[in-house]
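> Next up is a structure, given as structure tokens.
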Protein chains: 2
Amino acid sequence: MPSRDDAATRDAGDVLRRFRRRFVIADDDLIYLDGNSLGRLPRSTRARLRKVINEEWGGDLIRGWDGWIELARAAGDVLATGVLDARPGEVVVSDSTSVNLFKLAAAALDAQPGRTVIVTDDDNFPTDLYVLAGLASARGCELRVVKTDIDAGVSVDGVAAALDHDTALVSLSHVAYRSGAVADMPAITAAAHDSGAFVLWDLSHSAGSVPVPLRAAAADLAVGCTYKHLNAGPGAPAFLYVREDLQPRLRQPIWGWFGQRDQFEMAPSYDPVDGIERFLVGTPSVLGLSAVLEGARLTAEAGIGPVSAKARALTSYAVELADAWLAPLGFALASPRDPARRGAHVSLHHPQAWQACQALKDARVIPDFRTPDRLRLGFAPLYTRFVDVYDALARLRDIVASGSHVAYPAGRSRVT
Amino acid sequence: MPSRDDAATRDAGDVLRRFRRRFVIADDDLIYLDGNSLGRLPRSTRARLRKVINEEWGGDLIRGWDGWIELARAAGDVLATGVLDARPGEVVVSDSTSVNLFKLAAAALDAQPGRTVIVTDDDNFPTDLYVLAGLASARGCELRVVKTDIDAGVSVDGVAAALDHDTALVSLSHVAYRSGAVADMPAITAAAHDSGAFVLWDLSHSAGSVPVPLRAAAADLAVGCTYKHLNAGPGAPAFLYVREDLQPRLRQPIWGWFGQRDQFEMAPSYDPVDGIERFLVGTPSVLGLSAVLEGARLTAEAGIGPVSAKARALTSYAVELADAWLAPLGFALASPRDPARRGAHVSLHHPQAWQACQALKDARVIPDFRTPDRLRLGFAPLYTRFVDVYDALARLRDIVASGSHVAYPAGRSRVT
């Protein structure tokens, strides 16, 4: 029988428990299970943004660029070495995830003009599907969409069966946004390489939650978001990864001045720099880059090993409580049962998931709803406690057991 | 004979003088003449960013999106109606200027598949030239580069002579980044329309410094930067304008989820919304959008009429002082003499412009250097005083008259 004391015992043994204090937690009674949509504000980020705004922008003015010019690469290097399994110079922070996906997918297609197929899956994040469809449409390519079991995640065999010698690019999410299922990056990358295709991974839900074996898998390309488990704030710039040996071979389609050699020489012709900065475009958000740097440092300090171990422990605990309390109330797990195949969130089916989600918010728990009928619970290894999991699932149980959620109007999508 | 008292008298009569107090001015002795590279920090922006960071991100967490989702359009509407001559719903804030230029130029090319020429000029800002060259290269188009007299700015006749029935797009800067010369937007737009081409204006140096007659000129497309005269901070997101009747006809190439109808329905196929939001791509920077909104409001409050009148007065005063003091020392005006043809900055040629620029910084004046031999002086109508112009040019005169600048090493480009 689950007990809150047991949850508290787990918290006492949590090697990351001191990290919760590194975040601004304005309301300690609110249980926040949506850090995988928007991570919390780190205290160090609050301090750094104050300094960037008041001292650097307000005081140094244009001279601030002497330091700011290095930020995109500095933040990329922390991500490369502290969060992802990559080398310095393989990651840079820039633009949005969607724009970065466009740049790298286009670069991959341009590098293989004889190949005309892009492979993805129907559980990929919508913006990825749209960006790839736009590229396919513009270039007369085929977008081949593999069917994925939403709860189980993308299968290696399913992807492998879609590959052929016309395949230019395979683009998939590493951790699925609904189920949290982790794709087998090494196996899928190897299968793609066997057919001569590039692989472009979206790491939005995996950076800061699970190990990302870019180097071990010899992954070609990746993009990802920083405002989820990397806690860089709403709309903070995204990152992109290009394996070092590919950088000289690839050229992205948006030829902006931040990718230009000797940028301030203002030469009339585009001549991209060597290295990862050739994938930059326009002037980056300095506030955003500063927040990415701080957020990435915090995850790097905790270590992706302890972070992912705690993610598994939190999701396993949530599954255990859901089995005990929620399955009898009509909930079903919509995520892999194997903790090694999960990121840091778990989804539950329920026919009234939307109403349960609204009721839970009124009970001071913030989950997330995802179409068509999923309640998504995100656990942030740096600040979610086991007692939070216990309390949140207990409240959900009580709401649905009492039927109080049915008083909420039906619905299915909204920004939050 | 110029006198400082005369400068002070001009300040006393300045209808915008109260706006200087609306900015954070950490060091009142520093004369800042680079607000056209990076505008100062408005006090209202400092307060709003504090609130967005601490209360909205830190406290509201994901619920902040209930308000944030409107910011791109809200900031765009303030720009449309208070800064540019456009209608609500014709401007939105998004991405960087380079990315927006790419999106709109590509959309214009796609809308005219039979036309294969892009016209620009060799004095356009480098990133614009690079982006256009990239698009031309990818599509097998010709990039036809009109030669412009750098000091005089783009000529209507020069552009008109380059147009023909193969021209898909004309893309130019409204205010030239070196000389500050204002292009004749109505005449060039009319000439382009006569040949059936679209016109895409870069308003980076004109938004917040001169009237931008988008509606009067029936301009098709525009992009621009917010961190110069709109004071939105380093790397703040850019804006884009699409004339209302063109919006349904144009589709931009980066199909991201922020342009999707019923975005949070997460539908698998891209179906862009009606209206200006179809030109959005990924998750926007909330800190950036908030700063754009505040910065745009400040210019709108002052009014573009008074703002541009003061810009002319400041640049005219600078030209007057340069004629009296600097011409005898080897400086020559590298901007139009007619104040109606200038934005809010003035450039001066000098063979040792780089060294003079460095010496001036040590004399507590911040100008800018631009290749190949230009000292650029930017005057921000909201906070630059006539005494600042007087003091800056007097110090420049004294430096060059004494020859102290030649002690500085030669150079010609750097981030600041």
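Ordered as shown in the structure tokens, chains take letters A, B, and onward, while each chain numbers its residues from 1 and ligands are numbered from 1 in the order shown.
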Listing only residues of chain A within 7 Å of chain B, what is the closest atom pair and its distance in Å (to one decimal) for each, using only C-alpha atoms, sorted by chain and residue number ascending, as a tab-separated table?

residue	atom	partner	partner_atom	distance
A:Val24	CA	B:Gly58	CA	6.1
A:Ala26	CA	B:Gly59	CA	5.6
A:Leu38	CA	B:Ile62	CA	5.7
A:Arg40	CA	B:Gly58	CA	6.3
A:Leu41	CA	B:Gly58	CA	5.2
A:Trp57	CA	B:Leu41	CA	6.6
A:Gly58	CA	B:Leu41	CA	5.3
A:Gly59	CA	B:Ala26	CA	5.6
A:Leu61	CA	B:Leu38	CA	6.8
A:Ile62	CA	B:Leu38	CA	5.7
A:Arg63	CA	B:Thr416	CA	6.0
A:Trp65	CA	B:Val415	CA	6.6
A:Asp66	CA	B:Val415	CA	6.6
A:Asp95	CA	B:Asp95	CA	6.8
A:Ser96	CA	B:Gly282	CA	5.5
A:Thr97	CA	B:Gly282	CA	6.6
A:Ser98	CA	B:Gly282	CA	5.2
A:Val99	CA	B:Gly282	CA	6.9
A:Phe102	CA	B:Ile254	CA	6.6
A:Pro126	CA	B:Met266	CA	5.8
A:Thr127	CA	B:Trp257	CA	4.7
A:Leu129	CA	B:Pro268	CA	6.8
A:Tyr130	CA	B:Trp255	CA	5.2
A:Val131	CA	B:Trp255	CA	4.7
A:Gly134	CA	B:Trp255	CA	5.7
A:Gly233	CA	B:Trp57	CA	6.9
A:Pro234	CA	B:Val286	CA	5.6
A:Gly235	CA	B:Ser285	CA	3.9
A:Ala236	CA	B:Ser285	CA	5.5
A:Pro253	CA	B:Gly134	CA	6.3
A:Ile254	CA	B:Val131	CA	5.8
A:Trp255	CA	B:Val131	CA	4.7
A:Gly256	CA	B:Thr127	CA	5.1
A:Trp257	CA	B:Thr127	CA	4.7
A:Phe264	CA	B:Ser413	CA	5.3
A:Glu265	CA	B:Ser413	CA	5.5
A:Met266	CA	B:Pro126	CA	5.8
A:Ala267	CA	B:Pro126	CA	6.8
A:Pro268	CA	B:Pro126	CA	5.9
A:Ser269	CA	B:Tyr130	CA	6.4
A:Tyr270	CA	B:Tyr130	CA	5.3
A:Val281	CA	B:Ser98	CA	6.6
A:Gly282	CA	B:Ser98	CA	5.2
A:Thr283	CA	B:Gly235	CA	5.2
A:Pro284	CA	B:Gly235	CA	4.8
A:Ser285	CA	B:Gly235	CA	3.9
A:Val286	CA	B:Pro234	CA	5.6
A:Thr371	CA	B:Glu265	CA	6.8
A:Ser413	CA	B:Phe264	CA	5.4
A:Arg414	CA	B:Phe264	CA	5.7
A:Val415	CA	B:Phe264	CA	6.2
A:Thr416	CA	B:Arg63	CA	6.0
> Excluding same-chain residues fewer than 5 positions from stretch 77-81 of chain B, what lies within 6 Å of it counting only C-alpha atoms, as a compact mmCIF listing (two decimals) with N, CA and C atoms, in the first residue's frame?

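Once everything was written out, this is selection-v6.txt:
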# COMPACT_ATOMS: atom_id res chain seq x y z
N ALA B 86 1.06 51.36 -41.07
CA ALA B 86 0.43 50.09 -41.46
C ALA B 86 -0.83 49.89 -40.63
N ARG B 87 -1.56 48.84 -40.94
CA ARG B 87 -2.82 48.57 -40.23
C ARG B 87 -2.61 47.46 -39.20
N PRO B 88 -3.45 47.43 -38.17
CA PRO B 88 -3.39 46.30 -37.24
C PRO B 88 -3.56 45.01 -38.04
N VAL B 91 1.47 43.48 -39.14
CA VAL B 91 2.83 43.36 -38.59
C VAL B 91 2.80 42.34 -37.46
N ALA B 296 8.34 49.60 -28.43
CA ALA B 296 7.47 50.15 -29.48
C ALA B 296 6.48 51.15 -28.89
> Could you state the separation of atom CA of B:Asp338 and atom CA of B:Ala217 in Å, given to one decimal place?
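Calculated distance between atom CA of B:Asp338 and atom CA of B:Ala217 is 21.2 Å.
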> Would you return as number ranges by chain the members of stretch 3-174 of chain B that DSSP assigns to helix (DSSP H, G or I) on this structure's backbone?
B: 4-12, 17-22, 43-68, 71-82, 97-111, 126-139, 156-162
> I'd like the contact shell of B:Thr120 - 9 Å cut-off, only C-alpha atoms, skipping same-chain residues fewer than 5 positions apart - returned as a PyMOL selection string.
chain B and resi 128-129+132+143-147+159+169-173
> Would you save the residues from that selection as a PDB file, in the first residue's frame, using C-alpha atoms?

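Saved to part_34.pdb:
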ATOM      1  CA  ASP B 128      20.351  40.955 -46.581  1.00  0.00           C
ATOM      2  CA  LEU B 129      22.765  40.384 -49.449  1.00  0.00           C
ATOM      3  CA  LEU B 132      19.109  36.923 -50.970  1.00  0.00           C
ATOM      4  CA  LEU B 143      20.597  38.204 -57.951  1.00  0.00           C
ATOM      5  CA  ARG B 144      20.887  41.501 -59.790  1.00  0.00           C
ATOM      6  CA  VAL B 145      22.903  43.925 -57.661  1.00  0.00           C
ATOM      7  CA  VAL B 146      22.469  47.592 -58.510  1.00  0.00           C
ATOM      8  CA  LYS B 147      25.481  49.777 -57.857  1.00  0.00           C
ATOM      9  CA  VAL B 159      16.707  50.485 -59.422  1.00  0.00           C
ATOM     10  CA  LEU B 169      11.353  40.746 -56.064  1.00  0.00           C
ATOM     11  CA  VAL B 170      13.102  44.006 -55.205  1.00  0.00           C
ATOM     12  CA  SER B 171      14.681  43.981 -51.748  1.00  0.00           C
ATOM     13  CA  LEU B 172      16.339  47.098 -50.330  1.00  0.00           C
ATOM     14  CA  SER B 173      17.059  48.863 -47.073  1.00  0.00           C
TER      15      SER B 173
END
> Which is closest to A:Leu314 among A:Ala356, A:Ala380, A:Ala401, A:Cys141, if we use only C-alpha atoms?
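Of all the options, A:Ala380 lies closest to A:Leu314.
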> Quick one: distance from atom CA of A:Ala176 to atom CA of A:Ala322 in Å, one decimal?
20.1 Å
> Point out the residue among A:Val400, A:Val156, A:Met1, A:Ala359 with the least atom-to-atom distance to A:Leu326, counting only C-alpha atoms.
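Using only C-alpha atoms, the shortest distance to A:Leu326 belongs to A:Val400.
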> If we count only C-alpha atoms, what is near B:Asp194 at a cut-off of 10 Å, once residues fewer than 4 positions away on the same chain are taken out, given as a PDB file with C-alpha atoms, in the first residue's frame?

ATOM      1  CA  ALA B 160      14.162  51.191 -62.167  1.00  0.00           C
ATOM      2  CA  LEU B 163      13.721  45.984 -63.436  1.00  0.00           C
ATOM      3  CA  ASP B 164      12.139  43.884 -66.122  1.00  0.00           C
ATOM      4  CA  HIS B 165       9.361  41.382 -66.517  1.00  0.00           C
ATOM      5  CA  ILE B 188      10.761  52.538 -55.910  1.00  0.00           C
ATOM      6  CA  THR B 189       7.703  50.562 -54.865  1.00  0.00           C
ATOM      7  CA  ALA B 190       5.730  52.067 -57.762  1.00  0.00           C
ATOM      8  CA  PHE B 198       7.069  42.552 -55.158  1.00  0.00           C
TER       9      PHE B 198
END
> For A:His345, work out the shell of residues within 7 Å, counting only C-alpha atoms and skipping chain neighbours fewer than 6 positions away, then give it as a PyMOL selection string.
chain A and resi 180+315+376-379
> For N, CA and C atoms, I'd like the residues from the last selection saved as a PDB file, in the first residue's frame.

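Generated file (result-v6.pdb):
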ATOM      1  N   GLY A 180       6.443   9.915 -23.860  1.00  0.00           N
ATOM      2  CA  GLY A 180       7.746   9.923 -23.208  1.00  0.00           C
ATOM      3  C   GLY A 180       8.626   8.766 -23.628  1.00  0.00           C
ATOM      4  N   THR A 315       9.317   8.498 -12.590  1.00  0.00           N
ATOM      5  CA  THR A 315       8.285   7.945 -13.487  1.00  0.00           C
ATOM      6  C   THR A 315       7.857   6.559 -13.005  1.00  0.00           C
ATOM      7  N   ARG A 376      -0.852  14.289 -19.160  1.00  0.00           N
ATOM      8  CA  ARG A 376       0.603  14.113 -19.191  1.00  0.00           C
ATOM      9  C   ARG A 376       1.199  14.692 -17.916  1.00  0.00           C
ATOM     10  N   LEU A 377       2.032  13.888 -17.267  1.00  0.00           N
ATOM     11  CA  LEU A 377       2.638  14.296 -15.995  1.00  0.00           C
ATOM     12  C   LEU A 377       4.150  14.358 -16.185  1.00  0.00           C
ATOM     13  N   GLY A 378       4.690  15.559 -16.079  1.00  0.00           N
ATOM     14  CA  GLY A 378       6.127  15.738 -16.281  1.00  0.00           C
ATOM     15  C   GLY A 378       6.845  15.852 -14.947  1.00  0.00           C
ATOM     16  N   PHE A 379       7.953  15.146 -14.836  1.00  0.00           N
ATOM     17  CA  PHE A 379       8.712  15.140 -13.585  1.00  0.00           C
ATOM     18  C   PHE A 379      10.086  15.713 -13.856  1.00  0.00           C
TER      19      PHE A 379
END
